[in-house]
Amino acid sequence: MTTVVLVTGANSGIGLALCERLLSQDVDGLQLCLACRNMRRAQAARCALLTSFPTAQVALLQLDTSSVSSVISAAREVKVRYNRLDYLYLNAGIMPNPQFDVKAFFKGLFSSNVITMFATGEGILTQKDDVTSEGLREVFATNLFGHFLLIRELEPLLCHEALTSQVIWTSSSNAHRSAFNLEDIQHFRGNQPYSSSKYASDLLSLALNTRYNKQGLYSSVICPGFVMTSLTYSVLPAFPALLWTLLMPLLWFIRFFTNTFTLTPYNGAEALMWLFGQSPESLDPKVKYHSLTSGLGNNYTQARKMDIDLETSEALYAKLLQLESDLKMKLEEKQI
Ligand SMILES: NC(=O)C1=CN([C@@H]2O[C@H](COP(=O)(O)OP(=O)(O)OC[C@H]3O[C@@H](n4cnc5c(N)ncnc54)[C@H](OP(=O)(O)O)[C@@H]3O)[C@@H](O)[C@H]2O)C=CC1
Ligand SMILES: CC(C)=CCC[C@@H](C)[C@H]1CC[C@H]2C3=C(CC[C@]12C)[C@@]1(C)CCC(=O)C[C@@H]1CC3
């Protein structure tokens, strides 16, 4: 028996930690595929994994989730290499040009909302988004739409009558209904594209379960907590990595008040690992699985209900299908 696992954004942070943890479990016949945009960093990640686990089967796949043509050719390649896919971890993500509102942060520190602020970053973060060469909003394309397209393209490998497969999204506690607008799913008009894209992934996961459970495909979402990675380092760009390291004792102290400060990629990958061991039929499509770390440093996973509803998830799914068909048509026209 083989178990095929594909991880997007696997060359650093939480994705790489997940790969290390999967390999350390010594799963029989594990075939790991690191799907990455930057092949130089992907090679480095593969080498590091093989140094620790010399007999592991670790393959690389070129994938830029922000590009429709890259997703289509990557999926084509996956279908040539494998005849099934057991786990698809949709982890690649960006939060470009984050703007940290220092005033709101200090105001939040002395309000009753302080724990929520540290757990979710709510009210203190906005981003400046860009547009891809294919005309999509970059955060939407990278975090959500590319992954949606990947699932659609890999349907023949994910949907088996006798076997189940799991699609697992790295969402966030920063996913808020208030940042999402069904009339503007790409978030052209707001300044919280990251939050919007993560809320959309929570909705999409529910819609995927509605559509695909009968065909053996199950989707779940996780939140890794607040993890120190290149994504979070960029929140305070004036703070070099060294300053963040000096702040670590303070961050560990805050962990006594909020177990969402998982801080290391290893801890952040806890819920991703937990889901790997679950039977998908036992999972609740309306909850998010949170990686949490106690003040004393113990990791655990906790299920928390999401603020999502079936009607909005179906409406989003219909819009994504429409966008997929429009973009494919454009791509075909370009090729003719
Ligand atoms: N760190 C945190 O506190 C939290 C993180 N998350 C989520 O966790 C996930 C992993 O992030 P994290 O490990 O923190 O950050 P990293 O920046 O370390 O990892 C992000 C990964 O995504 C990849 N990626 C980015 N854009 C693309 C693209 N267009 N195509 C393919 N891969 C891409 C990056 O590759 P490359 O090297 O090419 O840039 C990198 O491997 C993200 O989805 C993030 O939103 C959620 C909640 C909290
Ligand atoms: C003492 C000190 C300087 C603390 C850091 C304050 C903030 C920079 C962080 C507090 C909570 C963090 C957080 C995120 C980014 C950094 C903080 C705002 C995220 C929004 C990063 C991306 C996510 O997906 C969720 C995170 C929630 C918590």
# chains A, B, ... in the order shown; residues from 1 in each chain; ligands from 1
>>> residues_around(residues="Asp86 of chain A", least_positions_apart="3", cutoff="9 Å", atoms="only C-alpha atoms", output="list in words")
Thr3, Val4, Val5, Leu6, Leu157, Leu158, Leu163, Thr164, Ser165, Gln166 and Val167 of chain A
>>> residues_around(residues="segment 61-77 of chain A", least_positions_apart="2", cutoff="9 Å", atoms="only C-alpha atoms", output="VMD selection string")
chain A and resid 8 to 9 33 to 39 42 59 79 to 82 92 to 93 132 to 134 136 to 147 149 to 151 153 to 154 324 327 to 328 331
>>> write_last_selection(atoms="N, CA and C atoms", output="compact mmCIF listing (two decimals), in the first residue's frame")
# COMPACT_ATOMS: atom_id res chain seq x y z
N THR A 8 1.16 21.84 -0.81
CA THR A 8 1.54 23.08 -1.52
C THR A 8 2.25 24.01 -0.54
N GLY A 9 3.16 24.82 -1.07
CA GLY A 9 3.92 25.73 -0.20
C GLY A 9 4.73 24.94 0.82
N CYS A 33 4.95 14.60 -2.02
CA CYS A 33 5.22 15.46 -3.18
C CYS A 33 5.17 16.92 -2.72
N LEU A 34 6.31 17.61 -2.83
CA LEU A 34 6.39 19.01 -2.42
C LEU A 34 6.05 19.88 -3.63
N ALA A 35 4.91 20.54 -3.58
CA ALA A 35 4.48 21.36 -4.72
C ALA A 35 4.85 22.81 -4.43
N CYS A 36 5.85 23.32 -5.13
CA CYS A 36 6.40 24.64 -4.78
C CYS A 36 6.55 25.54 -6.00
N ARG A 37 6.51 26.85 -5.72
CA ARG A 37 6.69 27.85 -6.76
C ARG A 37 8.18 28.04 -7.06
N ASN A 38 8.98 28.09 -6.01
CA ASN A 38 10.40 28.37 -6.16
C ASN A 38 11.20 27.06 -6.10
N MET A 39 11.69 26.60 -7.26
CA MET A 39 12.31 25.28 -7.32
C MET A 39 13.66 25.22 -6.61
N ALA A 42 12.73 24.70 -3.17
CA ALA A 42 12.13 23.36 -3.08
C ALA A 42 13.24 22.29 -3.02
N ALA A 59 9.28 13.75 -3.72
CA ALA A 59 9.33 14.28 -5.10
C ALA A 59 9.03 15.77 -5.09
N LYS A 79 -1.17 13.80 -12.55
CA LYS A 79 -1.98 12.68 -13.08
C LYS A 79 -1.11 11.68 -13.83
N VAL A 80 0.02 12.15 -14.36
CA VAL A 80 0.95 11.22 -15.04
C VAL A 80 1.71 10.40 -13.99
N ARG A 81 2.11 11.08 -12.89
CA ARG A 81 2.96 10.42 -11.89
C ARG A 81 2.22 9.46 -10.96
N TYR A 82 0.99 9.82 -10.57
CA TYR A 82 0.29 9.02 -9.56
C TYR A 82 -1.08 8.57 -10.08
N ALA A 92 -0.10 26.62 0.68
CA ALA A 92 0.58 27.82 0.15
C ALA A 92 -0.26 29.05 0.46
N GLY A 93 0.41 30.13 0.85
CA GLY A 93 -0.36 31.34 1.15
C GLY A 93 0.53 32.55 1.25
N THR A 132 -2.52 39.75 -10.74
CA THR A 132 -1.63 38.83 -11.45
C THR A 132 -1.68 39.12 -12.96
N SER A 133 -0.75 38.51 -13.72
CA SER A 133 -0.73 38.75 -15.17
C SER A 133 -2.00 38.21 -15.83
N GLU A 134 -2.72 37.31 -15.13
CA GLU A 134 -3.98 36.78 -15.69
C GLU A 134 -5.19 37.60 -15.23
N LEU A 136 -6.15 38.38 -12.07
CA LEU A 136 -6.79 38.05 -10.79
C LEU A 136 -6.12 38.80 -9.66
N ARG A 137 -6.86 39.02 -8.58
CA ARG A 137 -6.24 39.59 -7.38
C ARG A 137 -5.28 38.54 -6.82
N GLU A 138 -4.08 38.98 -6.47
CA GLU A 138 -3.01 38.04 -6.13
C GLU A 138 -3.30 37.17 -4.89
N VAL A 139 -3.84 37.79 -3.85
CA VAL A 139 -4.08 37.02 -2.62
C VAL A 139 -5.18 35.99 -2.86
N PHE A 140 -6.24 36.41 -3.52
CA PHE A 140 -7.34 35.52 -3.87
C PHE A 140 -6.83 34.35 -4.73
N ALA A 141 -6.02 34.71 -5.74
CA ALA A 141 -5.52 33.69 -6.68
C ALA A 141 -4.61 32.69 -5.96
N THR A 142 -3.70 33.21 -5.14
CA THR A 142 -2.72 32.34 -4.47
C THR A 142 -3.36 31.48 -3.38
N ASN A 143 -4.11 32.14 -2.49
CA ASN A 143 -4.60 31.43 -1.31
C ASN A 143 -5.83 30.58 -1.61
N LEU A 144 -6.65 31.02 -2.55
CA LEU A 144 -7.93 30.32 -2.75
C LEU A 144 -8.11 29.73 -4.15
N PHE A 145 -8.11 30.61 -5.17
CA PHE A 145 -8.57 30.15 -6.48
C PHE A 145 -7.65 29.08 -7.10
N GLY A 146 -6.33 29.26 -6.97
CA GLY A 146 -5.39 28.26 -7.51
C GLY A 146 -5.63 26.89 -6.89
N HIS A 147 -5.93 26.91 -5.59
CA HIS A 147 -6.19 25.65 -4.90
C HIS A 147 -7.52 25.03 -5.33
N LEU A 149 -8.88 25.37 -8.25
CA LEU A 149 -8.64 24.82 -9.58
C LEU A 149 -7.87 23.49 -9.51
N LEU A 150 -6.92 23.44 -8.57
CA LEU A 150 -6.13 22.22 -8.40
C LEU A 150 -7.03 21.04 -8.02
N ILE A 151 -7.94 21.29 -7.10
CA ILE A 151 -8.87 20.22 -6.69
C ILE A 151 -9.69 19.77 -7.89
N GLU A 153 -9.01 20.00 -11.06
CA GLU A 153 -8.19 19.29 -12.05
C GLU A 153 -7.80 17.89 -11.56
N LEU A 154 -7.67 17.75 -10.23
CA LEU A 154 -7.23 16.45 -9.68
C LEU A 154 -8.39 15.55 -9.28
N GLU A 324 -13.80 30.00 -13.22
CA GLU A 324 -12.98 28.94 -13.80
C GLU A 324 -13.27 28.81 -15.28
N LEU A 327 -11.94 31.85 -17.27
CA LEU A 327 -10.48 31.89 -17.41
C LEU A 327 -9.97 30.81 -18.36
N LYS A 328 -10.62 29.64 -18.32
CA LYS A 328 -10.19 28.56 -19.22
C LYS A 328 -10.46 28.94 -20.66
N LEU A 331 -7.85 31.29 -21.78
CA LEU A 331 -6.58 30.58 -21.97
C LEU A 331 -6.58 29.85 -23.31
>>> closest_atom_pairs(of="chain A", to="ligand 2", cutoff="7 Å", atoms="only C-alpha atoms and all ligand atoms", output="Markdown table")
| residue | atom | partner | partner_atom_place_in_ligand_line | distance |
| --- | --- | --- | --- | --- |
| A:Met117 | CA | ligand 2 | 11 (C) | 6.3 |
| A:Phe118 | CA | ligand 2 | 11 (C) | 4.0 |
| A:Ala119 | CA | ligand 2 | 28 (C) | 5.1 |
| A:Thr120 | CA | ligand 2 | 27 (C) | 4.0 |
| A:Gly121 | CA | ligand 2 | 18 (C) | 4.1 |
| A:Ile124 | CA | ligand 2 | 18 (C) | 6.6 |
| A:Leu125 | CA | ligand 2 | 18 (C) | 6.6 |
| A:Ser172 | CA | ligand 2 | 24 (O) | 4.4 |
| A:Ser173 | CA | ligand 2 | 25 (C) | 5.5 |
| A:Asn174 | CA | ligand 2 | 25 (C) | 4.8 |
| A:Gly225 | CA | ligand 2 | 27 (C) | 6.5 |
| A:Phe226 | CA | ligand 2 | 28 (C) | 4.8 |
| A:Thr232 | CA | ligand 2 | 15 (C) | 5.4 |
| A:Val235 | CA | ligand 2 | 8 (C) | 6.0 |
| A:Leu236 | CA | ligand 2 | 8 (C) | 6.3 |
| A:Leu247 | CA | ligand 2 | 1 (C) | 6.9 |
| A:Leu250 | CA | ligand 2 | 1 (C) | 6.5 |
| A:Leu251 | CA | ligand 2 | 1 (C) | 6.2 |
>>> closest_residue(among="A:Ser171, A:Gln127, A:Asn298, A:Asn97", to="ligand 1", atoms="only C-alpha atoms and all ligand atoms")
A:Ser171
>>> select_by_dssp(residues="segment 23-138 of chain A", states="strand (DSSP E)", output="MDAnalysis selection string")
chainID A and resid 30:36 57:62 87:90 98:100 125:127
>>> residues_around(residues="Leu263 of chain A", least_positions_apart="5", cutoff="9 Å", atoms="only C-alpha atoms", output="ChimeraX atom specification")
/A:225-229,248,251-252,255,268,293
>>> write_last_selection(atoms="C-alpha atoms", output="mmCIF file, in the first residue's frame")
data_model
loop_
_atom_site.group_PDB
_atom_site.id
_atom_site.type_symbol
_atom_site.label_atom_id
_atom_site.label_comp_id
_atom_site.auth_asym_id
_atom_site.auth_seq_id
_atom_site.Cartn_x
_atom_site.Cartn_y
_atom_site.Cartn_z
ATOM 1 C CA GLY A 225 -2.165 29.622 15.387
ATOM 2 C CA PHE A 226 0.365 32.471 15.407
ATOM 3 C CA VAL A 227 3.596 30.990 14.021
ATOM 4 C CA MET A 228 6.914 32.767 13.458
ATOM 5 C CA THR A 229 7.541 32.325 9.715
ATOM 6 C CA MET A 248 10.557 35.405 22.017
ATOM 7 C CA LEU A 251 5.807 35.861 23.137
ATOM 8 C CA TRP A 252 6.239 32.698 25.241
ATOM 9 C CA ARG A 255 1.222 32.012 25.497
ATOM 10 C CA GLY A 268 1.632 25.097 14.023
ATOM 11 C CA THR A 293 0.031 25.105 22.513
#
>>> select_by_dssp(residues="segment 247-320 of chain A", states="alpha helix (DSSP H)", output="PDB file with C-alpha atoms, in the first residue's frame")
ATOM      1  CA  LEU A 247      11.014  39.173  21.701  1.00  0.00           C
ATOM      2  CA  MET A 248      10.557  35.405  22.017  1.00  0.00           C
ATOM      3  CA  PRO A 249      10.516  35.367  25.864  1.00  0.00           C
ATOM      4  CA  LEU A 250       7.668  37.925  25.749  1.00  0.00           C
ATOM      5  CA  LEU A 251       5.807  35.861  23.137  1.00  0.00           C
ATOM      6  CA  TRP A 252       6.239  32.698  25.241  1.00  0.00           C
ATOM      7  CA  PHE A 253       4.879  34.643  28.215  1.00  0.00           C
ATOM      8  CA  ILE A 254       1.797  35.724  26.186  1.00  0.00           C
ATOM      9  CA  PRO A 265       6.173  25.750  12.551  1.00  0.00           C
ATOM     10  CA  TYR A 266       6.374  22.329  14.279  1.00  0.00           C
ATOM     11  CA  ASN A 267       3.643  23.346  16.753  1.00  0.00           C
ATOM     12  CA  GLY A 268       1.632  25.097  14.023  1.00  0.00           C
ATOM     13  CA  GLU A 270      -0.180  20.024  14.942  1.00  0.00           C
ATOM     14  CA  ALA A 271      -3.746  20.131  13.546  1.00  0.00           C
ATOM     15  CA  LEU A 272      -2.482  19.192  10.063  1.00  0.00           C
ATOM     16  CA  MET A 273      -0.851  16.103  11.601  1.00  0.00           C
ATOM     17  CA  TRP A 274      -3.885  15.339  13.733  1.00  0.00           C
ATOM     18  CA  LEU A 275      -6.107  15.276  10.638  1.00  0.00           C
ATOM     19  CA  PHE A 276      -3.693  12.879   8.942  1.00  0.00           C
ATOM     20  CA  LEU A 310     -24.511  26.537   3.532  1.00  0.00           C
ATOM     21  CA  GLU A 311     -26.244  29.152   1.390  1.00  0.00           C
ATOM     22  CA  THR A 312     -23.213  31.466   1.172  1.00  0.00           C
ATOM     23  CA  SER A 313     -20.887  28.526   0.565  1.00  0.00           C
ATOM     24  CA  GLU A 314     -23.041  27.370  -2.370  1.00  0.00           C
ATOM     25  CA  ALA A 315     -23.169  30.895  -3.815  1.00  0.00           C
ATOM     26  CA  LEU A 316     -19.370  31.184  -3.589  1.00  0.00           C
ATOM     27  CA  TYR A 317     -18.948  27.797  -5.262  1.00  0.00           C
ATOM     28  CA  ALA A 318     -21.146  28.870  -8.179  1.00  0.00           C
ATOM     29  CA  LYS A 319     -19.048  32.044  -8.627  1.00  0.00           C
ATOM     30  CA  LEU A 320     -15.803  30.086  -8.572  1.00  0.00           C
TER      31      LEU A 320
END
>>> residues_around(residues="Thr2 of chain A", least_positions_apart="5", cutoff="8 Å", atoms="only C-alpha atoms", output="PyMOL selection string")
chain A and resi 28-31
>>> residues_around(residues="Asp309 of chain A", least_positions_apart="6", cutoff="9 Å", atoms="only C-alpha atoms", output="CSV table (one decimal) with C-alpha atoms, in the first residue's frame")
chain,number,residue,atom,x,y,z
A,203,LEU,CA,-16.8,28.5,2.9
A,206,LEU,CA,-18.1,23.3,3.3
A,286,LYS,CA,-18.5,23.2,10.0
>>> atom_distance(atom1="atom CA of Ser195 of chain A", atom2="atom 47 (C, counted along the ligand's line) of ligand 1")
10.0 Å
>>> atom_distance(atom1="atom CA of Met95 of chain A", atom2="atom CA of Phe180 of chain A")
15.7 Å
>>> closest_residue(among="A:Lys103, A:Lys305, A:Arg84, A:Lys198", to="ligand 1", atoms="only C-alpha atoms and all ligand atoms")
A:Lys198
>>> closest_residue(among="A:Cys159, A:Ile336, A:Ala175, A:Ala241", to="Gln215 of chain A", atoms="only C-alpha atoms")
A:Cys159
>>> closest_residue(among="A:Ser282, A:Asn83, A:Asn299, A:Ser230", to="ligand 1", atoms="only C-alpha atoms and all ligand atoms")
A:Ser230
>>> residues_around(residues="Val58 of chain A", least_positions_apart="2", cutoff="10 Å", atoms="only C-alpha atoms", output="list in words")
Val5, Cys19, Leu23, Leu30, Gln31, Leu32, Cys33, Leu34, Ala45, Arg46, Cys47, Leu49, Leu50, Phe53, Pro54, Thr55, Ala56 and Leu60 of chain A
>>> write_last_selection(atoms="N, CA and C atoms", output="short mmCIF file (atom, residue, chain, number, x, y, z; two decimals), in the first residue's frame")
data_model
loop_
_atom_site.label_atom_id
_atom_site.label_comp_id
_atom_site.auth_asym_id
_atom_site.auth_seq_id
_atom_site.Cartn_x
_atom_site.Cartn_y
_atom_site.Cartn_z
N VAL A 5 0.85 11.86 -0.62
CA VAL A 5 0.53 13.13 0.05
C VAL A 5 1.16 14.28 -0.74
N CYS A 19 5.88 18.35 6.47
CA CYS A 19 6.60 17.28 5.75
C CYS A 19 7.55 16.54 6.69
N LEU A 23 7.22 12.55 7.76
CA LEU A 23 8.29 11.58 7.53
C LEU A 23 8.74 10.96 8.85
N LEU A 30 4.92 5.85 2.28
CA LEU A 30 4.57 7.27 2.11
C LEU A 30 5.30 7.88 0.91
N GLN A 31 4.52 8.47 0.01
CA GLN A 31 5.11 9.19 -1.13
C GLN A 31 4.74 10.65 -0.98
N LEU A 32 5.75 11.46 -0.70
CA LEU A 32 5.52 12.87 -0.42
C LEU A 32 5.86 13.69 -1.65
N CYS A 33 4.95 14.60 -2.02
CA CYS A 33 5.22 15.46 -3.18
C CYS A 33 5.17 16.92 -2.72
N LEU A 34 6.31 17.61 -2.83
CA LEU A 34 6.39 19.01 -2.42
C LEU A 34 6.05 19.88 -3.63
N ALA A 45 14.74 22.27 0.37
CA ALA A 45 13.86 21.62 1.35
C ALA A 45 13.96 20.09 1.19
N ARG A 46 13.98 19.62 -0.06
CA ARG A 46 14.07 18.18 -0.31
C ARG A 46 15.37 17.62 0.26
N CYS A 47 16.47 18.35 0.00
CA CYS A 47 17.78 17.90 0.50
C CYS A 47 17.77 17.82 2.02
N LEU A 49 15.20 17.36 3.98
CA LEU A 49 14.36 16.22 4.40
C LEU A 49 15.10 14.90 4.22
N LEU A 50 15.81 14.79 3.07
CA LEU A 50 16.52 13.52 2.80
C LEU A 50 17.73 13.33 3.71
N PHE A 53 15.95 11.93 6.65
CA PHE A 53 15.23 10.68 6.35
C PHE A 53 15.73 10.14 5.01
N PRO A 54 16.92 9.51 4.99
CA PRO A 54 17.58 9.17 3.72
C PRO A 54 16.78 8.21 2.83
N THR A 55 15.90 7.39 3.40
CA THR A 55 15.19 6.42 2.55
C THR A 55 13.81 6.92 2.12
N ALA A 56 13.49 8.15 2.50
CA ALA A 56 12.14 8.67 2.20
C ALA A 56 11.94 8.91 0.71
N LEU A 60 9.42 16.43 -6.16
CA LEU A 60 9.14 17.87 -6.30
C LEU A 60 8.19 18.11 -7.46
#
